[in-house]
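S.K.: Sharing a structure here in structure tokens format.
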Amino acid sequence: MEASFDTEESFDDPSYLSPQPPGAVSPARRQIREIKETRVTVNCVTFPLPGEGPEQQLLKPNDWSYCDYFWADKKDPQGGACTPGFEVLLQKQLKGKQMQKEMAEFIHERIKIEEEYAKNLSKLSLSPLAAQEEGTVGEAWIQLKKSLHDEAEVHLKFSNKLHSEVEKPMLTFRSDHFKKDLKKYDHHIADLRKQLASRYAGVEKARKALADRQKDLEVKTQQLEVKLSNKTEEDIKKARRKSTQAGDDLMRSLDLYNQTQSKWFEEMVTTSMELEKLEVDRIEWIQQHLRQYTTLRHETDMFNQSTIENVDQLLQAVDPAKDRDLWVKEHKTGDVRPIDLDI
């Protein structure tokens, strides 16, 4: 945690030159300690403490936007290293690409089923089974077998369209350059986090240096009670100058840290919004091509229905009496009936 303090009052207070009781704390250091902490630094990123300071407003209050909800690092439930919020967004992109690849694989399996089905239908349509059936039933049977061939053609066309209009677009939506682009995002934000960590280390180093200088100044100031000499006064003045310089160094370190954090913040907002748009584009692309799948499926059903219409018509025309007449005329053996034998 860190507390804010005023450099001038902390390091240039005249009370540093006044004698103080042994073990007493200078007014300036007492002021620093009594300031209420309003922020906390976690993994080198500084956040306001809950309930302290003005309430932050979401950047996009009407959306669950990436730019509002991935500032903190994600803790590992197993106690491992934390995952930066930006890394979570990158993992979402990579997972999305993998899911799209698996969808394409699923469609490919569907295509294989359609191709195999079409092949088997076409083969079955050539079967000689019941080829000797006659009459109106025979005509309907011939048409039914022909409909299998027509249906096979429908399913083959369906599989071809699935490949060209669904599977292939899903596979080629984002090329190999996509992962390279994600790596650029990752390296850019990671570099800014490294810079931020370096700046924070500088702040902590400067903070420690200031504490050491203040402690040295307090010790020398307390020595005035024991012995007042020109040398002691000179030592105090020298310690005071070093303390002031250490305070200035700390403020410069804070400025550099805040500038770096501000740059990281801006890049986080910009880049997370770009990733959000990429995800929207991906989902809309999937939606578009899965809708194309259902469209092709409806067309297949419609074409299949048309292949069976002629069969339905011929089945409705099946006439047992007509079939009997045709068969009798072709296969009759004689129409003279036998009579009684006479002696």
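Order determines the names: the first chain of the structure tokens is A, the second B, and so forth; residues in each chain are numbered 1 upward, and ligands are numbered 1 upward as they are shown.
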What are the nearest atom pairs, with distances in Å to one decimal, for all residues of region 227-294 of chain A that come at most 8 Å from region 144-168 of chain A, using only C-alpha atoms, set out by chain and rising residue number as CSV?

M.R.:
residue,atom,partner,partner_atom,distance
A:His289,CA,A:Val166,CA,5.5
A:Leu290,CA,A:Val166,CA,7.2
A:Gln292,CA,A:Val166,CA,7.0
A:Tyr293,CA,A:Val166,CA,6.6

S.K.: Give me the residues within 8 Å of Asp323 (chain A) as an MDAnalysis selection string, counting only C-alpha atoms and dropping any in the same chain fewer than 2 places off.

M.R.: chainID A and resid 134:137 319:321 325:327

S.K.: Any chance you can output those residues with N, CA, C and O atoms as a PDB file, in the first residue's frame?

M.R.:
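Wrote it out as selection20.pdb, contents follow:
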ATOM      1  N   GLU A 134     -44.751 -56.241 -61.801  1.00  0.00           N
ATOM      2  CA  GLU A 134     -45.448 -55.814 -63.029  1.00  0.00           C
ATOM      3  C   GLU A 134     -46.582 -54.840 -62.710  1.00  0.00           C
ATOM      4  O   GLU A 134     -46.908 -54.588 -61.563  1.00  0.00           O
ATOM      5  N   GLY A 135     -47.153 -54.324 -63.752  1.00  0.00           N
ATOM      6  CA  GLY A 135     -48.336 -53.496 -63.655  1.00  0.00           C
ATOM      7  C   GLY A 135     -48.086 -52.143 -63.008  1.00  0.00           C
ATOM      8  O   GLY A 135     -46.971 -51.604 -63.018  1.00  0.00           O
ATOM      9  N   THR A 136     -49.129 -51.567 -62.440  1.00  0.00           N
ATOM     10  CA  THR A 136     -49.024 -50.238 -61.827  1.00  0.00           C
ATOM     11  C   THR A 136     -48.110 -50.265 -60.606  1.00  0.00           C
ATOM     12  O   THR A 136     -47.414 -49.295 -60.322  1.00  0.00           O
ATOM     13  N   VAL A 137     -48.102 -51.378 -59.909  1.00  0.00           N
ATOM     14  CA  VAL A 137     -47.182 -51.507 -58.761  1.00  0.00           C
ATOM     15  C   VAL A 137     -45.746 -51.520 -59.260  1.00  0.00           C
ATOM     16  O   VAL A 137     -44.850 -50.907 -58.654  1.00  0.00           O
ATOM     17  N   ASP A 319     -53.699 -49.771 -59.238  1.00  0.00           N
ATOM     18  CA  ASP A 319     -55.049 -50.318 -59.397  1.00  0.00           C
ATOM     19  C   ASP A 319     -54.959 -51.841 -59.456  1.00  0.00           C
ATOM     20  O   ASP A 319     -54.510 -52.410 -60.463  1.00  0.00           O
ATOM     21  N   PRO A 320     -55.353 -52.515 -58.403  1.00  0.00           N
ATOM     22  CA  PRO A 320     -55.251 -53.981 -58.394  1.00  0.00           C
ATOM     23  C   PRO A 320     -56.018 -54.621 -59.562  1.00  0.00           C
ATOM     24  O   PRO A 320     -55.538 -55.608 -60.149  1.00  0.00           O
ATOM     25  N   ALA A 321     -57.169 -54.093 -59.886  1.00  0.00           N
ATOM     26  CA  ALA A 321     -57.967 -54.663 -60.984  1.00  0.00           C
ATOM     27  C   ALA A 321     -57.234 -54.518 -62.309  1.00  0.00           C
ATOM     28  O   ALA A 321     -57.197 -55.463 -63.127  1.00  0.00           O
ATOM     29  N   ASP A 325     -55.894 -57.418 -64.799  1.00  0.00           N
ATOM     30  CA  ASP A 325     -56.250 -57.486 -66.219  1.00  0.00           C
ATOM     31  C   ASP A 325     -55.013 -57.610 -67.091  1.00  0.00           C
ATOM     32  O   ASP A 325     -54.951 -58.457 -67.994  1.00  0.00           O
ATOM     33  N   LEU A 326     -54.009 -56.750 -66.823  1.00  0.00           N
ATOM     34  CA  LEU A 326     -52.794 -56.764 -67.629  1.00  0.00           C
ATOM     35  C   LEU A 326     -52.062 -58.083 -67.506  1.00  0.00           C
ATOM     36  O   LEU A 326     -51.578 -58.646 -68.492  1.00  0.00           O
ATOM     37  N   TRP A 327     -52.025 -58.588 -66.295  1.00  0.00           N
ATOM     38  CA  TRP A 327     -51.289 -59.829 -66.060  1.00  0.00           C
ATOM     39  C   TRP A 327     -51.984 -61.007 -66.723  1.00  0.00           C
ATOM     40  O   TRP A 327     -51.349 -61.848 -67.350  1.00  0.00           O
TER      41      TRP A 327
END

S.K.: Any chance you could tabulate, as JSON lines, the residues of region 226-283 of chain A at most 12 Å from region 57-75 of chain A with each one's nearest atom pair and distance in Å to one decimal, using only C-alpha atoms, in chain and rising number order?

M.R.:
{"residue": "A:Gln261", "atom": "CA", "partner": "A:Trp71", "partner_atom": "CA", "distance": 11.7}
{"residue": "A:Trp264", "atom": "CA", "partner": "A:Trp71", "partner_atom": "CA", "distance": 10.6}
{"residue": "A:Phe265", "atom": "CA", "partner": "A:Trp71", "partner_atom": "CA", "distance": 8.7}
{"residue": "A:Glu266", "atom": "CA", "partner": "A:Cys67", "partner_atom": "CA", "distance": 10.0}
{"residue": "A:Glu267", "atom": "CA", "partner": "A:Cys67", "partner_atom": "CA", "distance": 10.3}
{"residue": "A:Met268", "atom": "CA", "partner": "A:Cys67", "partner_atom": "CA", "distance": 7.3}
{"residue": "A:Val269", "atom": "CA", "partner": "A:Cys67", "partner_atom": "CA", "distance": 5.2}
{"residue": "A:Thr270", "atom": "CA", "partner": "A:Cys67", "partner_atom": "CA", "distance": 8.0}
{"residue": "A:Thr271", "atom": "CA", "partner": "A:Cys67", "partner_atom": "CA", "distance": 8.5}
{"residue": "A:Ser272", "atom": "CA", "partner": "A:Cys67", "partner_atom": "CA", "distance": 5.6}
{"residue": "A:Met273", "atom": "CA", "partner": "A:Cys67", "partner_atom": "CA", "distance": 6.2}
{"residue": "A:Glu274", "atom": "CA", "partner": "A:Tyr66", "partner_atom": "CA", "distance": 9.4}
{"residue": "A:Leu275", "atom": "CA", "partner": "A:Tyr66", "partner_atom": "CA", "distance": 8.1}
{"residue": "A:Glu276", "atom": "CA", "partner": "A:Tyr66", "partner_atom": "CA", "distance": 6.3}
{"residue": "A:Lys277", "atom": "CA", "partner": "A:Tyr66", "partner_atom": "CA", "distance": 9.8}
{"residue": "A:Leu278", "atom": "CA", "partner": "A:Tyr66", "partner_atom": "CA", "distance": 11.6}
{"residue": "A:Glu279", "atom": "CA", "partner": "A:Tyr66", "partner_atom": "CA", "distance": 10.5}
{"residue": "A:Val280", "atom": "CA", "partner": "A:Ser65", "partner_atom": "CA", "distance": 11.4}

S.K.: Give the strand (DSSP E) residues of region 35-116 of chain A, as DSSP finds them on the backbone, and put them as a list in words.

M.R.: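 Here is the list: Arg39, Val40, Thr41, Val42, Val45, Thr46, Phe47 and Pro48 of chain A.
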
S.K.: Hey, which of A:Ser198, A:Gln288, A:Gln245, A:Gln305 ends up closest to Pro169 (chain A)? Count only C-alpha atoms.

M.R.: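 Ranked by minimum distance to Pro169 (chain A), first place goes to A:Gln288.
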
S.K.: If you measure from CA of Asp312 (chain A) to CA of Trp141 (chain A), what distance in Å do you get, rounded to one decimal?

M.R.: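 Pair CA of Asp312 (chain A) / CA of Trp141 (chain A) returns 10.8 Å.
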
S.K.: May I have the residues within 7 Å of Arg199 (chain A) as a list in words, using only C-alpha atoms and disregarding those fewer than 5 positions away in the same chain?

M.R.: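 My reading of the contact set: Ser253, Leu256 and Tyr257 of chain A.
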
S.K.: I'd like to know which of A:Ala246, A:Leu296, A:Glu139, A:Ala239 is closest to Leu315 (chain A), using only C-alpha atoms.

M.R.: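 Checking each candidate against Leu315 (chain A), we get A:Glu139 as the closest.
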
S.K.: Using only C-alpha atoms, which residues sit within 12 Å of Asp255 (chain A) once same-chain residues fewer than 6 positions away are excluded, as a list in words?

M.R.: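 The contact residues come out as Leu196, Arg199, Tyr200, Gly202, Val203, Asp248, Asp249, Gln261 and Ser262 of chain A.
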
S.K.: Please produce a file of those selected residues containing C-alpha atoms, as a PDB file, in the first residue's frame.

M.R.:
ATOM      1  CA  LEU A 196       5.307  -0.325 -14.940  1.00  0.00           C
ATOM      2  CA  ARG A 199       8.859   2.215 -12.349  1.00  0.00           C
ATOM      3  CA  TYR A 200       7.172   0.856  -9.249  1.00  0.00           C
ATOM      4  CA  GLY A 202      11.970   2.767  -8.557  1.00  0.00           C
ATOM      5  CA  VAL A 203       9.251   4.278  -6.377  1.00  0.00           C
ATOM      6  CA  ASP A 248      12.355  15.160  -4.709  1.00  0.00           C
ATOM      7  CA  ASP A 249      13.658  11.864  -6.090  1.00  0.00           C
ATOM      8  CA  GLN A 261       0.567   3.524 -15.692  1.00  0.00           C
ATOM      9  CA  SER A 262      -1.434   6.108 -17.647  1.00  0.00           C
TER      10      SER A 262
END

S.K.: Find, counting only C-alpha atoms, the residue in A:Ser122, A:Leu90, A:Lys97, A:Arg324 that gets nearest to Lys184 (chain A).

M.R.: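 Nearest candidate to Lys184 (chain A) out of A:Ser122, A:Leu90, A:Lys97, A:Arg324: A:Leu90.
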
S.K.: Where in region 54-293 of chain A does DSSP assign alpha helix (DSSP H), given as an NGL selection string?

M.R.: :A and (66-69 or 85-125 or 135-162 or 168-172 or 177-226 or 230-293)

S.K.: Can you list, as a PDB file with N, CA, C and O atoms, in the first residue's frame, every protein, DNA or RNA residue that comes within 8 Å of Ala140 (chain A) when you count only C-alpha atoms, leaving out same-chain residues fewer than 5 positions away?

M.R.:
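Dumped everything to result.pdb:
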ATOM      1  N   VAL A 311     -43.329 -40.606 -57.042  1.00  0.00           N
ATOM      2  CA  VAL A 311     -43.622 -41.902 -56.427  1.00  0.00           C
ATOM      3  C   VAL A 311     -45.020 -41.868 -55.807  1.00  0.00           C
ATOM      4  O   VAL A 311     -45.805 -42.813 -55.963  1.00  0.00           O
ATOM      5  N   LEU A 314     -47.681 -42.143 -58.554  1.00  0.00           N
ATOM      6  CA  LEU A 314     -47.818 -43.491 -59.106  1.00  0.00           C
ATOM      7  C   LEU A 314     -48.430 -44.453 -58.088  1.00  0.00           C
ATOM      8  O   LEU A 314     -49.180 -45.370 -58.455  1.00  0.00           O
ATOM      9  N   LEU A 315     -48.122 -44.264 -56.818  1.00  0.00           N
ATOM     10  CA  LEU A 315     -48.730 -45.122 -55.786  1.00  0.00           C
ATOM     11  C   LEU A 315     -50.232 -44.869 -55.693  1.00  0.00           C
ATOM     12  O   LEU A 315     -51.026 -45.799 -55.453  1.00  0.00           O
ATOM     13  N   VAL A 318     -52.001 -46.824 -58.335  1.00  0.00           N
ATOM     14  CA  VAL A 318     -51.985 -48.295 -58.292  1.00  0.00           C
ATOM     15  C   VAL A 318     -53.424 -48.830 -58.294  1.00  0.00           C
ATOM     16  O   VAL A 318     -54.265 -48.387 -57.508  1.00  0.00           O
TER      17      VAL A 318
END

S.K.: Of the candidates A:Gln316, A:Ile308, A:His331, A:Met170, which shows the shortest atom-to-atom distance to Gln98 (chain A), using only C-alpha atoms?

M.R.: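 Nearest candidate to Gln98 (chain A) out of A:Gln316, A:Ile308, A:His331, A:Met170: A:Met170.
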